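Novice: Input structure: query36.csv, which contains CSV, C-alpha atoms and all ligand atoms.
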chain,number,residue,atom,x,y,z
U,230,MET,CA,0.0,0.0,0.0
U,231,ILE,CA,1.6,3.3,-1.1
U,232,LEU,CA,0.1,6.3,0.6
U,233,LYS,CA,0.8,9.8,-0.8
U,234,THR,CA,-1.5,12.0,1.2
U,235,ILE,CA,-1.8,12.7,4.9
U,236,ALA,CA,-5.6,12.3,4.8
U,237,GLU,CA,-5.5,8.8,3.3
U,238,THR,CA,-2.7,7.8,5.6
U,239,LYS,CA,-4.7,8.9,8.7
U,240,ASP,CA,-7.8,7.1,7.4
U,241,TYR,CA,-5.9,3.8,6.7
U,242,LEU,CA,-4.2,3.9,10.1
U,243,ASN,CA,-7.4,4.8,12.0
U,244,LYS,CA,-9.0,1.6,10.6
U,245,ALA,CA,-5.9,-0.5,11.7
U,246,ARG,CA,-6.0,1.1,15.2
U,247,LYS,CA,-9.7,0.4,15.5
U,248,ALA,CA,-9.0,-3.2,14.7
U,249,GLY,CA,-6.6,-3.3,17.7
U,250,LYS,CA,-3.4,-3.3,15.7
U,251,THR,CA,-0.1,-1.9,17.1
U,252,ILE,CA,1.7,0.4,14.7
U,253,GLY,CA,5.4,0.6,14.1
U,254,LEU,CA,6.9,3.5,12.1
U,255,VAL,CA,10.3,3.5,10.4
U,256,PRO,CA,11.1,7.0,9.1
U,257,THR,CA,13.6,7.1,6.2
U,258,MET,CA,14.7,9.2,3.3
U,259,GLY,CA,14.6,6.2,1.0
U,260,PHE,CA,17.2,4.6,-1.3
U,261,LEU,CA,16.9,1.7,1.1
U,262,HIS,CA,19.7,-0.5,2.1
U,263,LYS,CA,20.3,-3.3,4.6
U,264,GLY,CA,20.5,-0.8,7.5
U,265,HIS,CA,17.0,0.4,6.8
U,266,LEU,CA,15.7,-3.1,6.3
U,267,THR,CA,17.0,-4.1,9.7
U,268,LEU,CA,15.0,-1.4,11.3
U,269,MET,CA,11.9,-2.7,9.4
U,270,GLU,CA,12.6,-6.3,10.5
U,271,GLU,CA,12.8,-5.1,14.1
U,272,ALA,CA,9.5,-3.3,13.7
U,273,ARG,CA,8.0,-6.4,12.0
U,274,LYS,CA,8.8,-8.5,15.1
U,275,GLN,CA,7.3,-6.0,17.5
U,276,CYS,CA,4.2,-4.5,15.7
U,277,ASP,CA,1.1,-5.7,14.0
U,278,LEU,CA,1.4,-3.1,11.2
U,279,VAL,CA,4.7,-1.6,9.9
U,280,ILE,CA,4.6,1.6,8.0
U,281,VAL,CA,7.8,3.1,6.4
U,282,SER,CA,8.0,6.8,5.5
U,283,ILE,CA,10.1,7.7,2.5
U,284,PHE,CA,10.6,11.5,2.4
U,285,VAL,CA,13.7,13.4,1.5
U,286,ASN,CA,13.1,16.2,3.9
U,287,PRO,CA,14.3,19.5,2.5
U,288,LEU,CA,14.1,21.2,5.9
U,289,GLN,CA,17.1,19.1,7.2
U,290,PHE,CA,19.4,20.0,4.4
U,291,GLY,CA,21.5,23.1,4.6
U,292,VAL,CA,22.4,25.5,1.8
U,293,GLY,CA,24.9,23.8,-0.5
U,294,GLU,CA,24.2,20.4,0.8
U,295,ASP,CA,23.0,17.4,-1.3
U,296,TYR,CA,19.2,17.8,-1.2
U,297,GLU,CA,18.9,17.9,-5.0
U,298,GLU,CA,21.4,15.0,-5.7
U,299,TYR,CA,20.2,12.8,-2.8
U,300,PRO,CA,19.6,9.4,-4.4
U,301,ARG,CA,16.0,8.4,-4.9
U,302,ASP,CA,14.4,5.2,-6.2
U,303,LEU,CA,10.8,4.8,-4.9
U,304,SER,CA,9.9,1.7,-7.0
U,305,LYS,CA,12.9,-0.3,-5.8
U,306,ASP,CA,12.3,0.9,-2.2
U,307,VAL,CA,8.7,-0.3,-2.4
U,308,GLU,CA,9.9,-3.7,-3.5
U,309,LEU,CA,12.6,-4.0,-0.8
U,310,ALA,CA,10.2,-2.9,2.0
U,311,ARG,CA,7.6,-5.4,0.8
U,312,GLY,CA,10.2,-8.1,0.9
U,313,VAL,CA,10.6,-7.7,4.6
U,314,GLY,CA,6.8,-7.6,5.3
U,315,VAL,CA,6.1,-3.9,5.4
U,316,GLU,CA,2.4,-3.2,4.9
U,317,ALA,CA,2.4,0.5,4.0
U,318,ILE,CA,4.7,3.2,2.7
U,319,PHE,CA,4.0,6.8,3.3
U,320,ALA,CA,5.7,8.8,0.5
U,321,PRO,CA,4.4,12.3,0.5
U,322,GLU,CA,5.4,15.2,-1.9
U,323,VAL,CA,7.1,18.1,-0.3
U,324,LYS,CA,4.0,20.3,-0.7
U,325,GLU,CA,2.0,17.8,1.2
U,326,MET,CA,4.3,18.1,4.2
U,327,TYR,CA,5.1,21.8,3.9
U,328,PRO,CA,2.2,23.5,2.1
U,329,LYS,CA,2.5,27.2,1.3
U,330,GLY,CA,2.5,29.2,4.5
U,331,TYR,CA,3.9,26.4,6.6
U,332,SER,CA,5.4,28.1,9.7
U,333,THR,CA,5.9,25.7,12.7
U,334,PHE,CA,9.3,24.3,13.7
U,335,ILE,CA,10.7,22.2,16.6
U,336,ASP,CA,13.9,23.5,18.1
U,337,LEU,CA,15.9,21.6,20.7
U,338,GLU,CA,18.6,23.1,22.8
U,339,LYS,CA,21.8,21.5,24.3
U,340,VAL,CA,21.6,18.0,22.7
U,341,THR,CA,21.7,19.7,19.2
U,342,GLU,CA,24.8,21.8,20.1
U,343,PRO,CA,27.8,19.5,19.5
U,344,LEU,CA,28.8,17.2,16.6
U,345,CYS,CA,26.5,17.4,13.5
U,346,GLY,CA,24.5,20.2,15.2
U,347,ARG,CA,27.6,22.4,15.0
U,348,SER,CA,28.6,21.5,11.5
U,349,ARG,CA,25.1,21.4,10.0
U,350,PRO,CA,23.2,24.4,11.5
U,351,GLY,CA,19.4,23.9,11.3
U,352,HIS,CA,19.8,20.2,10.5
U,353,PHE,CA,18.2,18.9,13.7
U,354,ARG,CA,15.5,21.6,13.5
U,355,GLY,CA,14.5,20.0,10.2
U,356,VAL,CA,14.7,16.5,11.6
U,357,ALA,CA,12.8,17.2,14.8
U,358,THR,CA,10.1,19.1,12.8
U,359,VAL,CA,9.6,16.3,10.2
U,360,VAL,CA,9.7,13.5,12.8
U,361,THR,CA,7.0,15.4,14.9
U,362,LYS,CA,4.8,15.7,11.9
U,363,LEU,CA,5.3,12.0,11.1
U,364,PHE,CA,4.5,11.0,14.7
U,365,ASN,CA,1.3,13.2,14.5
U,366,ILE,CA,0.2,11.8,11.2
U,367,ILE,CA,0.9,8.2,11.9
U,368,GLN,CA,0.6,8.1,15.7
U,369,PRO,CA,2.8,5.0,16.0
U,370,ASP,CA,3.1,2.9,19.1
U,371,PHE,CA,6.8,2.3,18.3
U,372,ALA,CA,9.2,4.3,16.1
U,373,TYR,CA,12.6,2.9,15.0
U,374,PHE,CA,15.9,4.8,14.6
U,375,GLY,CA,19.4,3.6,13.7
U,376,GLN,CA,22.3,4.1,16.0
U,377,LYS,CA,24.3,5.1,12.9
U,378,ASP,CA,22.8,8.6,13.5
U,379,ALA,CA,23.6,8.6,17.2
U,380,GLN,CA,22.9,12.3,17.9
U,381,GLN,CA,19.6,12.0,16.0
U,382,VAL,CA,18.6,9.2,18.4
U,383,MET,CA,19.3,11.5,21.4
U,384,VAL,CA,17.5,14.4,19.8
U,385,ILE,CA,14.4,12.2,19.1
U,386,ARG,CA,14.4,10.7,22.6
U,387,THR,CA,14.8,14.1,24.2
U,388,MET,CA,12.0,15.5,22.2
U,389,ALA,CA,9.6,12.6,22.8
U,390,MET,CA,10.3,12.9,26.5
U,391,ASP,CA,10.1,16.7,26.7
U,392,LEU,CA,6.9,16.9,24.7
U,393,ASN,CA,5.3,13.9,26.4
U,394,MET,CA,4.9,12.0,23.1
U,395,ASN,CA,2.9,8.9,23.4
U,396,LEU,CA,5.2,6.3,21.9
U,397,GLU,CA,8.3,4.2,22.4
U,398,ILE,CA,11.5,5.0,20.6
U,399,VAL,CA,13.5,1.9,19.6
U,400,THR,CA,17.2,2.1,18.6
U,401,VAL,CA,18.7,-0.4,16.2
U,402,PRO,CA,22.5,-1.1,16.1
U,403,ILE,CA,24.6,0.0,13.1
U,404,VAL,CA,24.6,-2.3,10.1
U,405,ARG,CA,27.9,-2.4,8.3
U,406,GLU,CA,29.4,-3.6,5.0
U,407,ALA,CA,31.8,-6.6,5.2
U,408,ASP,CA,34.9,-4.3,5.6
U,409,GLY,CA,33.2,-2.3,8.4
U,410,LEU,CA,31.9,0.8,6.5
U,411,ALA,CA,28.5,1.8,8.0
U,412,MET,CA,25.8,1.4,5.4
U,413,SER,CA,24.4,4.7,4.1
U,414,SER,CA,22.4,5.9,1.1
U,415,ARG,CA,25.3,8.3,0.5
U,416,ASN,CA,27.9,5.6,0.0
U,417,VAL,CA,26.8,5.5,-3.7
U,418,TYR,CA,28.5,8.9,-4.1
U,419,LEU,CA,31.9,7.4,-3.3
U,420,ASN,CA,34.3,6.6,-6.2
U,421,PRO,CA,36.3,3.4,-5.9
U,422,GLN,CA,39.3,5.1,-4.3
U,423,GLU,CA,37.1,7.0,-1.8
U,424,ARG,CA,35.2,3.8,-1.1
U,425,GLN,CA,38.4,2.0,-0.3
U,426,GLN,CA,39.6,4.7,2.1
U,427,ALA,CA,36.2,5.2,3.7
U,428,VAL,CA,36.7,2.2,5.9
U,429,VAL,CA,39.1,4.4,7.9
U,430,LEU,CA,36.1,5.7,9.9
U,431,TYR,CA,35.4,2.2,11.3
U,432,GLN,CA,39.1,1.3,11.6
U,433,SER,CA,39.9,4.5,13.6
U,434,LEU,CA,36.9,3.9,16.0
U,435,GLN,CA,38.2,0.4,16.6
U,436,LYS,CA,41.7,1.6,17.3
U,437,ALA,CA,40.4,4.2,19.7
U,438,LYS,CA,38.2,1.7,21.4
U,439,GLU,CA,41.3,-0.6,21.9
U,440,ALA,CA,43.1,2.3,23.5
U,441,VAL,CA,40.3,2.9,25.9
U,442,MET,CA,39.9,-0.8,26.7
U,443,THR,CA,43.6,-1.0,27.5
U,444,GLY,CA,43.4,1.9,30.0
U,445,GLU,CA,43.5,5.2,28.1
U,446,ARG,CA,41.3,7.7,29.9
U,447,ASN,CA,42.4,11.0,28.4
U,448,PRO,CA,39.8,12.1,25.8
U,449,GLU,CA,42.4,14.2,24.0
U,450,GLN,CA,44.7,11.2,23.5
U,451,VAL,CA,41.8,9.2,22.1
U,452,ILE,CA,40.8,12.0,19.8
U,453,ASN,CA,44.4,12.1,18.6
U,454,ILE,CA,44.2,8.4,17.7
U,455,LEU,CA,41.0,9.0,15.7
U,456,GLU,CA,42.5,12.1,14.0
U,457,GLU,CA,45.9,10.6,13.1
U,458,LEU,CA,44.4,7.6,11.3
U,459,ILE,CA,41.9,9.8,9.3
U,460,LYS,CA,44.6,12.3,8.4
U,461,GLY,CA,46.6,9.3,7.1
U,462,LYS,CA,44.1,8.8,4.3
U,463,PRO,CA,44.8,11.4,1.5
U,464,LEU,CA,41.2,11.6,0.3
U,465,ALA,CA,39.7,12.0,3.8
U,466,GLN,CA,38.9,15.4,5.2
U,467,LEU,CA,38.1,15.3,8.9
U,468,GLU,CA,35.0,17.4,10.0
U,469,TYR,CA,35.0,16.3,13.6
U,470,ALA,CA,36.2,13.6,15.9
U,471,GLU,CA,34.8,13.8,19.4
U,472,ILE,CA,34.3,11.7,22.5
U,473,LEU,CA,31.3,12.8,24.6
U,474,SER,CA,29.3,11.5,27.6
U,475,LEU,CA,26.0,9.8,27.1
U,476,PRO,CA,23.1,10.5,27.3
U,477,ASN,CA,23.7,14.3,27.5
U,478,LEU,CA,26.5,14.6,24.9
U,479,ALA,CA,28.7,16.7,27.2
U,480,ASN,CA,32.4,17.2,27.1
U,481,LEU,CA,34.5,14.9,29.3
U,482,ALA,CA,37.6,15.6,31.4
U,483,VAL,CA,38.1,11.9,31.9
U,484,ILE,CA,36.7,9.0,30.0
U,485,GLN,CA,34.2,7.2,32.2
U,486,GLY,CA,30.7,5.9,32.2
U,487,GLN,CA,28.9,5.6,28.9
U,488,VAL,CA,30.7,7.5,26.2
U,489,LEU,CA,30.1,8.1,22.5
U,490,MET,CA,33.0,8.4,20.1
U,491,ALA,CA,31.7,10.1,16.9
U,492,LEU,CA,33.2,11.0,13.6
U,493,ALA,CA,32.2,13.0,10.5
U,494,VAL,CA,34.6,12.8,7.5
U,495,ARG,CA,34.3,14.1,4.0
U,496,PHE,CA,35.4,12.3,0.9
U,497,GLY,CA,35.1,14.9,-1.9
U,498,LYS,CA,31.5,16.0,-1.8
U,499,THR,CA,30.4,12.9,0.3
U,500,ARG,CA,30.0,13.4,4.0
U,501,LEU,CA,30.1,10.2,6.1
U,502,ILE,CA,29.4,9.7,9.8
U,503,ASP,CA,30.1,6.8,12.2
U,504,ASN,CA,30.2,6.2,15.9
U,505,LEU,CA,30.8,3.8,18.7
U,506,VAL,CA,29.4,3.6,22.2
U,507,LEU,CA,31.6,2.4,25.0
U,508,GLU,CA,30.8,1.5,28.7
U,509,VAL,CA,33.9,2.3,30.7
U,601,LIG,P1,18.1,7.8,6.4
U,601,LIG,O1,17.3,7.3,5.3
U,601,LIG,O2,19.5,7.9,6.1
U,601,LIG,O3,17.5,9.1,7.0
U,601,LIG,O4,18.0,6.8,7.6
U,601,LIG,C1,16.7,6.3,8.1
U,601,LIG,C2,16.9,5.5,9.3
U,601,LIG,O5,17.8,4.4,9.1
U,601,LIG,C3,17.6,6.4,10.4
U,601,LIG,O6,17.1,6.0,11.7
U,601,LIG,C4,19.0,5.9,10.3
U,601,LIG,O7,19.8,6.0,11.5
U,601,LIG,C5,18.8,4.4,10.0
U,601,LIG,N1,20.1,3.9,9.3
U,601,LIG,C6,20.7,4.4,8.2
U,601,LIG,N2,21.8,3.7,8.0
U,601,LIG,C7,21.9,2.7,9.0
U,601,LIG,C8,22.8,1.7,9.3
U,601,LIG,N3,23.9,1.5,8.5
U,601,LIG,N4,22.6,0.9,10.3
U,601,LIG,C9,21.5,1.1,11.1
U,601,LIG,N5,20.6,2.1,10.9
U,601,LIG,C10,20.8,2.9,9.8
Once you've parsed the file, please lay out its structure as structure tokens.
Specialist:
Amino acid sequence: MILKTIAETKDYLNKARKAGKTIGLVPTMGFLHKGHLTLMEEARKQCDLVIVSIFVNPLQFGVGEDYEEYPRDLSKDVELARGVGVEAIFAPEVKEMYPKGYSTFIDLEKVTEPLCGRSRPGHFRGVATVVTKLFNIIQPDFAYFGQKDAQQVMVIRTMAMDLNMNLEIVTVPIVREADGLAMSSRNVYLNPQERQQAVVLYQSLQKAKEAVMTGERNPEQVINILEELIKGKPLAQLEYAEILSLPNLANLAVIQGQVLMALAVRFGKTRLIDNLVLEV
């Protein structure tokens, strides 16, 4: 079932809700890969009806970012989602989500300040706004998000708690290629040399993890390890390498408790992110 309008989506889901079905939502921007499909499989296990949203949200792209070029293939996405038992796909046009005169936005403080919030101003405002709209349209019992976008997970969890949203947020671990590269729709932008060097995100996180596991507690030393390896790849341009506390994403004087090591690296026009959570 492909739903294009908000009205038909609400109508379809109201019927399911009346029939006593629990609803699971997997929000995506499409061009589906195994990472997305894993979220859907989790939803499938937990919910009676799984709905996937496919919407390249212009609001979360900054000026000069890849909104226009972002890969899109709705018919293949529909096939892939059906293959894992998804009942419905909500794929609205931009004007359906943001009609003329649209003027309401969701802004979070603190959790949006470091990492991607710093390098992509307005990004999380766009994410929080579209996710709120999706939650209101679909009213899911469960919504599924990938740990690949670790800060996004914290943003959504904080927002759901602060605004008393009536659903459970489920986080799914990062799905990787055989060499360790985190799956991403943006990986198709990489040329063969960039693709080969892109594995450095995963490798540097592993090396940094090893250092922490063997006793390193100085965040600067760990960041040095991350940076050194990335700088060793001629096509990689480091955007950030940080180690922050969880769940509040605050700076650390000493590595302890639950920590997030997070990276953003550019290969030409392609921006890749990856992360790793450690319990110290
Ligand atoms: P996107 O289409 O990139 O906005 O991603 C949609 C959802 O899939 C988000 O919750 C992502 O965190 C999640 N996701 C994307 N790539 C992966 C991956 N490699 N592993 C796990 N989840 C992912």
Novice: Pro287 in chain U: which residues within 9 Å, counting all atoms listed in the file, same-chain residues fewer than 3 positions away excluded, as a PDB file with C-alpha atoms, in the frame of the given file?
Specialist:
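Wrote it out as out-v3.pdb, contents follow:
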ATOM      1  CA  PHE U 284      10.600  11.500   2.400  1.00  0.00           C
ATOM      2  CA  PHE U 290      19.400  20.000   4.400  1.00  0.00           C
ATOM      3  CA  GLY U 291      21.500  23.100   4.600  1.00  0.00           C
ATOM      4  CA  TYR U 296      19.200  17.800  -1.200  1.00  0.00           C
ATOM      5  CA  GLU U 297      18.900  17.900  -5.000  1.00  0.00           C
ATOM      6  CA  VAL U 323       7.100  18.100  -0.300  1.00  0.00           C
ATOM      7  CA  GLY U 355      14.500  20.000  10.200  1.00  0.00           C
TER       8      GLY U 355
END
Novice: Grab me every residue within 8 Å of ligand LIG 601 (chain U), counting all atoms listed in the file, and send it over as an MDAnalysis selection string.
Specialist: chainID U and resid 255:265 267:268 283 285 373:379 381:382 400:405 411:414
Novice: Between CA of Met326 in chain U and CA of Val359 in chain U, what is the spacing in Å?
Specialist: 8.2 Å
Novice: Write out as a ChimeraX atom specification each polymer residue whose atoms come within 8 Å of Arg273 in chain U, counting all atoms listed in the file; drop sequence neighbours fewer than 5 positions from it.
Specialist: /U:253,278-279,313-315
Novice: I'd like the contact shell of range 361-368 of chain U - 7 Å cut-off, all atoms listed in the file, skipping same-chain residues fewer than 5 positions apart - returned as a PyMOL selection string.
Specialist: chain U and resi 235+239+242
Novice: U:Glu508, U:Ser348, U:Asn395, U:Leu288: which is nearest Met442 in chain U, counting all atoms listed in the file?
Specialist: U:Glu508
Novice: Would you list the contacts of range 433-437 of chain U as a compact mmCIF listing (two decimals) with C-alpha atoms, keeping the file's coordinate frame, taking every protein, DNA or RNA residue within 8 Å and counting all atoms listed in the file, but skipping same-chain residues closer than 6 positions in sequence?
Specialist:
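The file below, part_13.txt, is the result:
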# COMPACT_ATOMS: atom_id res chain seq x y z
CA VAL U 451 41.80 9.20 22.10
CA ILE U 452 40.80 12.00 19.80
CA ILE U 454 44.20 8.40 17.70
CA LEU U 455 41.00 9.00 15.70
CA LEU U 458 44.40 7.60 11.30
CA ILE U 459 41.90 9.80 9.30
CA MET U 490 33.00 8.40 20.10
CA ASN U 504 30.20 6.20 15.90
CA LEU U 505 30.80 3.80 18.70
Novice: Using only C-alpha atoms, which protein or nucleic acid residues come within 8 Å of Leu481 in chain U? Drop anything in the same chain fewer than 3 positions from it, and give the result as an MDAnalysis selection string.
Specialist: chainID U and resid 448 472:474 484
Novice: Measuring between all atoms listed in the file, which one of U:Asp503, U:Glu397, U:Glu338, U:Asp306 shows the shortest distance to Glu471 in chain U?
Specialist: U:Asp503
Novice: Taking (13.8, 16.2, 15.3) in the file's coordinates as the center, which residues reach within 8 Å of it, counting only C-alpha atoms, put as number ranges by chain?
Specialist: U: 335-337, 353-361, 381, 384-385, 388
Novice: Separation of CA of Gln485 in chain U and CA of Gln450 in chain U, in Å?
Specialist: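 These two atoms are separated by 14.2 Å.
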Novice: Would you mind telling me which residue in U:Arg386, U:Lys274, U:His352, U:Lys498 lies nearest to Tyr299 in chain U when using all atoms listed in the file?
Specialist: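 The shortest atom-to-atom distance to Tyr299 in chain U comes from U:Lys498.
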Novice: Provide the CA of Val399 in chain U to CA of Lys233 in chain U distance in Å, to one decimal place.
Specialist: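 Going from CA of Val399 in chain U over to CA of Lys233 in chain U, I get 25.3 Å.
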Novice: Select range 418-506 of chain U in the preceding structure and write C-alpha atoms to a file as an mmCIF file, in the first residue's frame.
Specialist:
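To be explicit, this is the file written out as result-v8.cif:
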data_model
loop_
_atom_site.group_PDB
_atom_site.id
_atom_site.type_symbol
_atom_site.label_atom_id
_atom_site.label_comp_id
_atom_site.auth_asym_id
_atom_site.auth_seq_id
_atom_site.Cartn_x
_atom_site.Cartn_y
_atom_site.Cartn_z
ATOM 1 C CA TYR U 418 28.478 8.890 -4.124
ATOM 2 C CA LEU U 419 31.919 7.405 -3.346
ATOM 3 C CA ASN U 420 34.299 6.639 -6.230
ATOM 4 C CA PRO U 421 36.312 3.393 -5.931
ATOM 5 C CA GLN U 422 39.341 5.082 -4.280
ATOM 6 C CA GLU U 423 37.149 6.969 -1.826
ATOM 7 C CA ARG U 424 35.178 3.809 -1.069
ATOM 8 C CA GLN U 425 38.418 1.982 -0.260
ATOM 9 C CA GLN U 426 39.605 4.729 2.087
ATOM 10 C CA ALA U 427 36.182 5.217 3.702
ATOM 11 C CA VAL U 428 36.745 2.162 5.863
ATOM 12 C CA VAL U 429 39.060 4.400 7.920
ATOM 13 C CA LEU U 430 36.078 5.677 9.929
ATOM 14 C CA TYR U 431 35.392 2.209 11.290
ATOM 15 C CA GLN U 432 39.082 1.345 11.643
ATOM 16 C CA SER U 433 39.912 4.475 13.622
ATOM 17 C CA LEU U 434 36.944 3.917 15.954
ATOM 18 C CA GLN U 435 38.180 0.370 16.573
ATOM 19 C CA LYS U 436 41.713 1.594 17.281
ATOM 20 C CA ALA U 437 40.402 4.247 19.663
ATOM 21 C CA LYS U 438 38.222 1.670 21.391
ATOM 22 C CA GLU U 439 41.262 -0.572 21.863
ATOM 23 C CA ALA U 440 43.137 2.297 23.505
ATOM 24 C CA VAL U 441 40.271 2.919 25.939
ATOM 25 C CA MET U 442 39.894 -0.788 26.659
ATOM 26 C CA THR U 443 43.592 -0.984 27.532
ATOM 27 C CA GLY U 444 43.370 1.897 29.994
ATOM 28 C CA GLU U 445 43.539 5.224 28.128
ATOM 29 C CA ARG U 446 41.256 7.686 29.939
ATOM 30 C CA ASN U 447 42.363 10.970 28.446
ATOM 31 C CA PRO U 448 39.823 12.125 25.835
ATOM 32 C CA GLU U 449 42.415 14.210 23.978
ATOM 33 C CA GLN U 450 44.673 11.188 23.502
ATOM 34 C CA VAL U 451 41.774 9.165 22.132
ATOM 35 C CA ILE U 452 40.773 11.975 19.788
ATOM 36 C CA ASN U 453 44.406 12.115 18.600
ATOM 37 C CA ILE U 454 44.240 8.441 17.681
ATOM 38 C CA LEU U 455 41.045 9.030 15.677
ATOM 39 C CA GLU U 456 42.467 12.101 13.953
ATOM 40 C CA GLU U 457 45.856 10.563 13.126
ATOM 41 C CA LEU U 458 44.354 7.622 11.279
ATOM 42 C CA ILE U 459 41.946 9.780 9.342
ATOM 43 C CA LYS U 460 44.617 12.274 8.385
ATOM 44 C CA GLY U 461 46.629 9.306 7.090
ATOM 45 C CA LYS U 462 44.094 8.843 4.259
ATOM 46 C CA PRO U 463 44.813 11.354 1.498
ATOM 47 C CA LEU U 464 41.185 11.599 0.291
ATOM 48 C CA ALA U 465 39.688 12.032 3.770
ATOM 49 C CA GLN U 466 38.887 15.443 5.227
ATOM 50 C CA LEU U 467 38.088 15.339 8.917
ATOM 51 C CA GLU U 468 35.041 17.365 9.950
ATOM 52 C CA TYR U 469 34.996 16.284 13.597
ATOM 53 C CA ALA U 470 36.248 13.560 15.914
ATOM 54 C CA GLU U 471 34.766 13.782 19.391
ATOM 55 C CA ILE U 472 34.266 11.743 22.505
ATOM 56 C CA LEU U 473 31.298 12.808 24.634
ATOM 57 C CA SER U 474 29.315 11.520 27.591
ATOM 58 C CA LEU U 475 25.956 9.785 27.133
ATOM 59 C CA PRO U 476 23.092 10.524 27.321
ATOM 60 C CA ASN U 477 23.672 14.293 27.475
ATOM 61 C CA LEU U 478 26.491 14.638 24.903
ATOM 62 C CA ALA U 479 28.657 16.739 27.228
ATOM 63 C CA ASN U 480 32.442 17.176 27.053
ATOM 64 C CA LEU U 481 34.500 14.878 29.252
ATOM 65 C CA ALA U 482 37.568 15.604 31.372
ATOM 66 C CA VAL U 483 38.116 11.881 31.918
ATOM 67 C CA ILE U 484 36.695 8.952 29.985
ATOM 68 C CA GLN U 485 34.244 7.171 32.245
ATOM 69 C CA GLY U 486 30.684 5.864 32.232
ATOM 70 C CA GLN U 487 28.861 5.568 28.941
ATOM 71 C CA VAL U 488 30.653 7.471 26.195
ATOM 72 C CA LEU U 489 30.067 8.148 22.504
ATOM 73 C CA MET U 490 32.967 8.378 20.065
ATOM 74 C CA ALA U 491 31.686 10.074 16.920
ATOM 75 C CA LEU U 492 33.194 10.999 13.575
ATOM 76 C CA ALA U 493 32.239 13.010 10.525
ATOM 77 C CA VAL U 494 34.566 12.773 7.540
ATOM 78 C CA ARG U 495 34.273 14.125 4.021
ATOM 79 C CA PHE U 496 35.444 12.324 0.897
ATOM 80 C CA GLY U 497 35.108 14.903 -1.856
ATOM 81 C CA LYS U 498 31.456 15.955 -1.771
ATOM 82 C CA THR U 499 30.418 12.946 0.321
ATOM 83 C CA ARG U 500 29.955 13.406 4.045
ATOM 84 C CA LEU U 501 30.115 10.212 6.117
ATOM 85 C CA ILE U 502 29.425 9.722 9.828
ATOM 86 C CA ASP U 503 30.092 6.828 12.169
ATOM 87 C CA ASN U 504 30.222 6.222 15.903
ATOM 88 C CA LEU U 505 30.774 3.770 18.678
ATOM 89 C CA VAL U 506 29.375 3.578 22.210
#
